[in-house]
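Note sheet for the following structure.
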Amino acid sequence: MRLYETVLIARQDVSSTQVESMTDEFAAIIETAGGSIKKREYWGLRTLAYRIKKNRKGHYVLLNLETTPETLNEFERIMGLNEDVLRFMTIAIEEVDEAPSVVMQSKSERPERGDRGDRGSRDRAPKPEATEQAEA
């Protein structure tokens with residue numbers, strides 16, 4: 001069996017308890033076929049980058065699965081038929097990270113970002129041709 005990571009977005013109209021029960025139904029598909037759910041996170045109601053089917057927000061859920069490709073196809077087919085699921089994406093992964101995902105970590109727990117380099121032009125020296133014209 002292979003490991004997969006699925007993120008699904010449910011409509012903003014449904015409650016968080018309905019999203020949890022819907023996720024339970026999806027997890028049951030995997031478990032009845034002999035697979036298992038390694039990790040499950042509810043990321044909450046978040047603003048979408050763009051409108052999807054007239055929705056501006058969506059409930060995000062992360063699932064790490066261990067299952068066969070045939071069961072995964074059935075899992076994705078049933079998610080696609082559910083009207084409350086706006087989008088989903090599944091990728092194959094090598095291993096399940098047991099730590100909370102970056103979305104679930106507080107800002108103080110996240111790793112620091114490196115320096116992004118020189119962003120402003122105020123500290124730069126003037127161009128050489130500009131100084132030559134000013135001297136003439």
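Naming scheme: A, B, ... for chains in displayed order of the structure tokens; residues 1 onward per chain; ligands 1 onward as shown.
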Residue contacts of Asp84 of chain A (8 Å, only C-alpha atoms) excluding same-chain residues fewer than 4 positions away, as number ranges by chain: A: 10-11, 14
Grab the residues selected above and save them as a tab-separated table (two decimals), in the first residue's frame with C-alpha atoms.
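To be explicit, this is the file written out as part-v8.tsv:
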chain	number	residue	atom	x	y	z
A	10	ALA	CA	-15.89	21.88	1.57
A	11	ARG	CA	-18.50	24.58	1.00
A	14	VAL	CA	-22.03	23.50	5.81
8 Å contact set for segment 17-27 of chain A, only C-alpha atoms, chain neighbours under 6 positions out, as a PyMOL selection string: chain A and resi 10+36-37+59+75+78-79
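For the set A:Arg46, A:Lys54, A:Arg77, A:Arg40, the residue with the smallest atom-to-atom gap to Ile9 of chain A is A:Arg46, counting only C-alpha atoms.
Separating atom CA of Lys39 of chain A from atom CA of Glu98 of chain A is a distance of 7.5 Å.
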Among listed residues A:Leu62, A:Tyr4, A:Thr47, A:Ile52, nearest Val102 of chain A (using only C-alpha atoms):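 The shortest atom-to-atom distance to Val102 of chain A comes from A:Leu62.
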For Glu66 of chain A, the nearest of the candidates A:Glu83, A:Glu41, A:Asp97, A:Glu5, counting only C-alpha atoms: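 Of A:Glu83, A:Glu41, A:Asp97, A:Glu5, the one nearest Glu66 of chain A, counting only C-alpha atoms, is A:Glu5.
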Distance criterion (only C-alpha atoms): nearest to Leu48 of chain A out of A:Arg87, A:Asn82, A:Ile30, A:Leu3: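 Comparing A:Arg87, A:Asn82, A:Ile30, A:Leu3 against Leu48 of chain A, the winner is A:Arg87.
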Sel. of strand (DSSP E or B) residues, segment 17-111 of chain A, as a PyMOL selection string: chain A and resi 36-52+55-67+85-93
For the residues selected in the previous step, produce a file with N, CA and C atoms as an mmCIF file, in the first residue's frame.
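Output contents, as saved in result_37.cif:
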data_model
loop_
_atom_site.group_PDB
_atom_site.id
_atom_site.type_symbol
_atom_site.label_atom_id
_atom_site.label_comp_id
_atom_site.auth_asym_id
_atom_site.auth_seq_id
_atom_site.Cartn_x
_atom_site.Cartn_y
_atom_site.Cartn_z
ATOM 1 N N SER A 36 -5.744 2.714 5.890
ATOM 2 C CA SER A 36 -5.815 3.401 7.181
ATOM 3 C C SER A 36 -5.589 4.898 7.007
ATOM 4 N N ILE A 37 -6.110 5.655 7.957
ATOM 5 C CA ILE A 37 -5.914 7.096 8.015
ATOM 6 C C ILE A 37 -4.783 7.337 9.012
ATOM 7 N N LYS A 38 -3.669 7.849 8.532
ATOM 8 C CA LYS A 38 -2.504 8.069 9.386
ATOM 9 C C LYS A 38 -2.578 9.391 10.138
ATOM 10 N N LYS A 39 -3.156 10.399 9.510
ATOM 11 C CA LYS A 39 -3.219 11.734 10.114
ATOM 12 C C LYS A 39 -4.436 12.454 9.557
ATOM 13 N N ARG A 40 -5.064 13.233 10.424
ATOM 14 C CA ARG A 40 -6.277 13.954 10.026
ATOM 15 C C ARG A 40 -6.280 15.305 10.718
ATOM 16 N N GLU A 41 -6.399 16.375 9.952
ATOM 17 C CA GLU A 41 -6.416 17.725 10.519
ATOM 18 C C GLU A 41 -7.543 18.535 9.897
ATOM 19 N N TYR A 42 -8.274 19.217 10.745
ATOM 20 C CA TYR A 42 -9.295 20.158 10.284
ATOM 21 C C TYR A 42 -8.683 21.543 10.398
ATOM 22 N N TRP A 43 -8.484 22.215 9.260
ATOM 23 C CA TRP A 43 -7.814 23.519 9.241
ATOM 24 C C TRP A 43 -8.781 24.670 9.447
ATOM 25 N N GLY A 44 -10.063 24.407 9.423
ATOM 26 C CA GLY A 44 -11.042 25.448 9.692
ATOM 27 C C GLY A 44 -11.574 26.117 8.436
ATOM 28 N N LEU A 45 -12.392 27.135 8.670
ATOM 29 C CA LEU A 45 -12.991 27.918 7.583
ATOM 30 C C LEU A 45 -11.993 28.993 7.182
ATOM 31 N N ARG A 46 -11.546 28.944 5.933
ATOM 32 C CA ARG A 46 -10.510 29.857 5.453
ATOM 33 C C ARG A 46 -10.979 30.535 4.173
ATOM 34 N N THR A 47 -10.455 31.713 3.928
ATOM 35 C CA THR A 47 -10.789 32.466 2.721
ATOM 36 C C THR A 47 -10.085 31.834 1.521
ATOM 37 N N LEU A 48 -10.813 31.677 0.425
ATOM 38 C CA LEU A 48 -10.248 31.123 -0.797
ATOM 39 C C LEU A 48 -9.514 32.208 -1.569
ATOM 40 N N ALA A 49 -8.556 31.827 -2.380
ATOM 41 C CA ALA A 49 -7.816 32.783 -3.194
ATOM 42 C C ALA A 49 -8.711 33.370 -4.293
ATOM 43 N N TYR A 50 -9.669 32.608 -4.747
ATOM 44 C CA TYR A 50 -10.624 33.060 -5.760
ATOM 45 C C TYR A 50 -11.932 32.316 -5.534
ATOM 46 N N ARG A 51 -13.011 32.831 -6.105
ATOM 47 C CA ARG A 51 -14.316 32.207 -5.926
ATOM 48 C C ARG A 51 -14.371 30.852 -6.617
ATOM 49 N N ILE A 52 -14.956 29.889 -5.925
ATOM 50 C CA ILE A 52 -15.192 28.565 -6.495
ATOM 51 C C ILE A 52 -16.670 28.281 -6.310
ATOM 52 N N ASN A 55 -18.504 30.524 -3.955
ATOM 53 C CA ASN A 55 -18.084 30.502 -2.554
ATOM 54 C C ASN A 55 -16.800 31.303 -2.394
ATOM 55 N N ARG A 56 -16.760 32.118 -1.354
ATOM 56 C CA ARG A 56 -15.561 32.896 -1.051
ATOM 57 C C ARG A 56 -14.724 32.256 0.044
ATOM 58 N N LYS A 57 -15.318 31.348 0.807
ATOM 59 C CA LYS A 57 -14.632 30.655 1.896
ATOM 60 C C LYS A 57 -14.873 29.162 1.778
ATOM 61 N N GLY A 58 -14.068 28.391 2.491
ATOM 62 C CA GLY A 58 -14.237 26.949 2.473
ATOM 63 C C GLY A 58 -13.625 26.306 3.701
ATOM 64 N N HIS A 59 -14.162 25.148 4.070
ATOM 65 C CA HIS A 59 -13.630 24.357 5.181
ATOM 66 C C HIS A 59 -12.517 23.461 4.621
ATOM 67 N N TYR A 60 -11.324 23.566 5.163
ATOM 68 C CA TYR A 60 -10.181 22.784 4.703
ATOM 69 C C TYR A 60 -9.944 21.589 5.626
ATOM 70 N N VAL A 61 -9.665 20.431 5.027
ATOM 71 C CA VAL A 61 -9.373 19.212 5.779
ATOM 72 C C VAL A 61 -8.178 18.524 5.120
ATOM 73 N N LEU A 62 -7.218 18.089 5.948
ATOM 74 C CA LEU A 62 -6.048 17.344 5.486
ATOM 75 C C LEU A 62 -6.171 15.899 5.949
ATOM 76 N N LEU A 63 -5.945 14.954 5.039
ATOM 77 C CA LEU A 63 -5.951 13.524 5.369
ATOM 78 C C LEU A 63 -4.677 12.887 4.827
ATOM 79 N N ASN A 64 -3.957 12.165 5.665
ATOM 80 C CA ASN A 64 -2.842 11.334 5.214
ATOM 81 C C ASN A 64 -3.329 9.896 5.240
ATOM 82 N N LEU A 65 -3.269 9.232 4.094
ATOM 83 C CA LEU A 65 -3.856 7.909 3.912
ATOM 84 C C LEU A 65 -2.804 6.878 3.556
ATOM 85 N N GLU A 66 -3.072 5.648 3.917
ATOM 86 C CA GLU A 66 -2.300 4.515 3.410
ATOM 87 C C GLU A 66 -3.311 3.574 2.781
ATOM 88 N N THR A 67 -3.234 3.434 1.458
ATOM 89 C CA THR A 67 -4.241 2.649 0.753
ATOM 90 C C THR A 67 -3.705 2.191 -0.593
ATOM 91 N N VAL A 85 -18.281 19.153 -1.547
ATOM 92 C CA VAL A 85 -16.840 19.249 -1.764
ATOM 93 C C VAL A 85 -16.597 20.146 -2.979
ATOM 94 N N LEU A 86 -15.900 21.266 -2.742
ATOM 95 C CA LEU A 86 -15.600 22.187 -3.831
ATOM 96 C C LEU A 86 -14.405 21.709 -4.644
ATOM 97 N N ARG A 87 -13.318 21.366 -3.960
ATOM 98 C CA ARG A 87 -12.094 20.911 -4.604
ATOM 99 C C ARG A 87 -11.407 19.891 -3.700
ATOM 100 N N PHE A 88 -10.590 19.049 -4.317
ATOM 101 C CA PHE A 88 -9.716 18.161 -3.558
ATOM 102 C C PHE A 88 -8.475 17.911 -4.387
ATOM 103 N N MET A 89 -7.392 17.605 -3.707
ATOM 104 C CA MET A 89 -6.146 17.277 -4.386
ATOM 105 C C MET A 89 -5.444 16.176 -3.595
ATOM 106 N N THR A 90 -4.992 15.151 -4.306
ATOM 107 C CA THR A 90 -4.290 14.036 -3.688
ATOM 108 C C THR A 90 -2.924 13.900 -4.320
ATOM 109 N N ILE A 91 -1.901 13.759 -3.476
ATOM 110 C CA ILE A 91 -0.548 13.525 -3.967
ATOM 111 C C ILE A 91 0.030 12.312 -3.251
ATOM 112 N N ALA A 92 0.946 11.611 -3.910
ATOM 113 C CA ALA A 92 1.657 10.494 -3.291
ATOM 114 C C ALA A 92 2.819 11.057 -2.477
ATOM 115 N N ILE A 93 3.031 10.499 -1.291
ATOM 116 C CA ILE A 93 4.119 10.960 -0.433
ATOM 117 C C ILE A 93 4.987 9.765 -0.035
#
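Atom CA of Gln105 of chain A lies 28.9 Å from atom CA of Ile29 of chain A.
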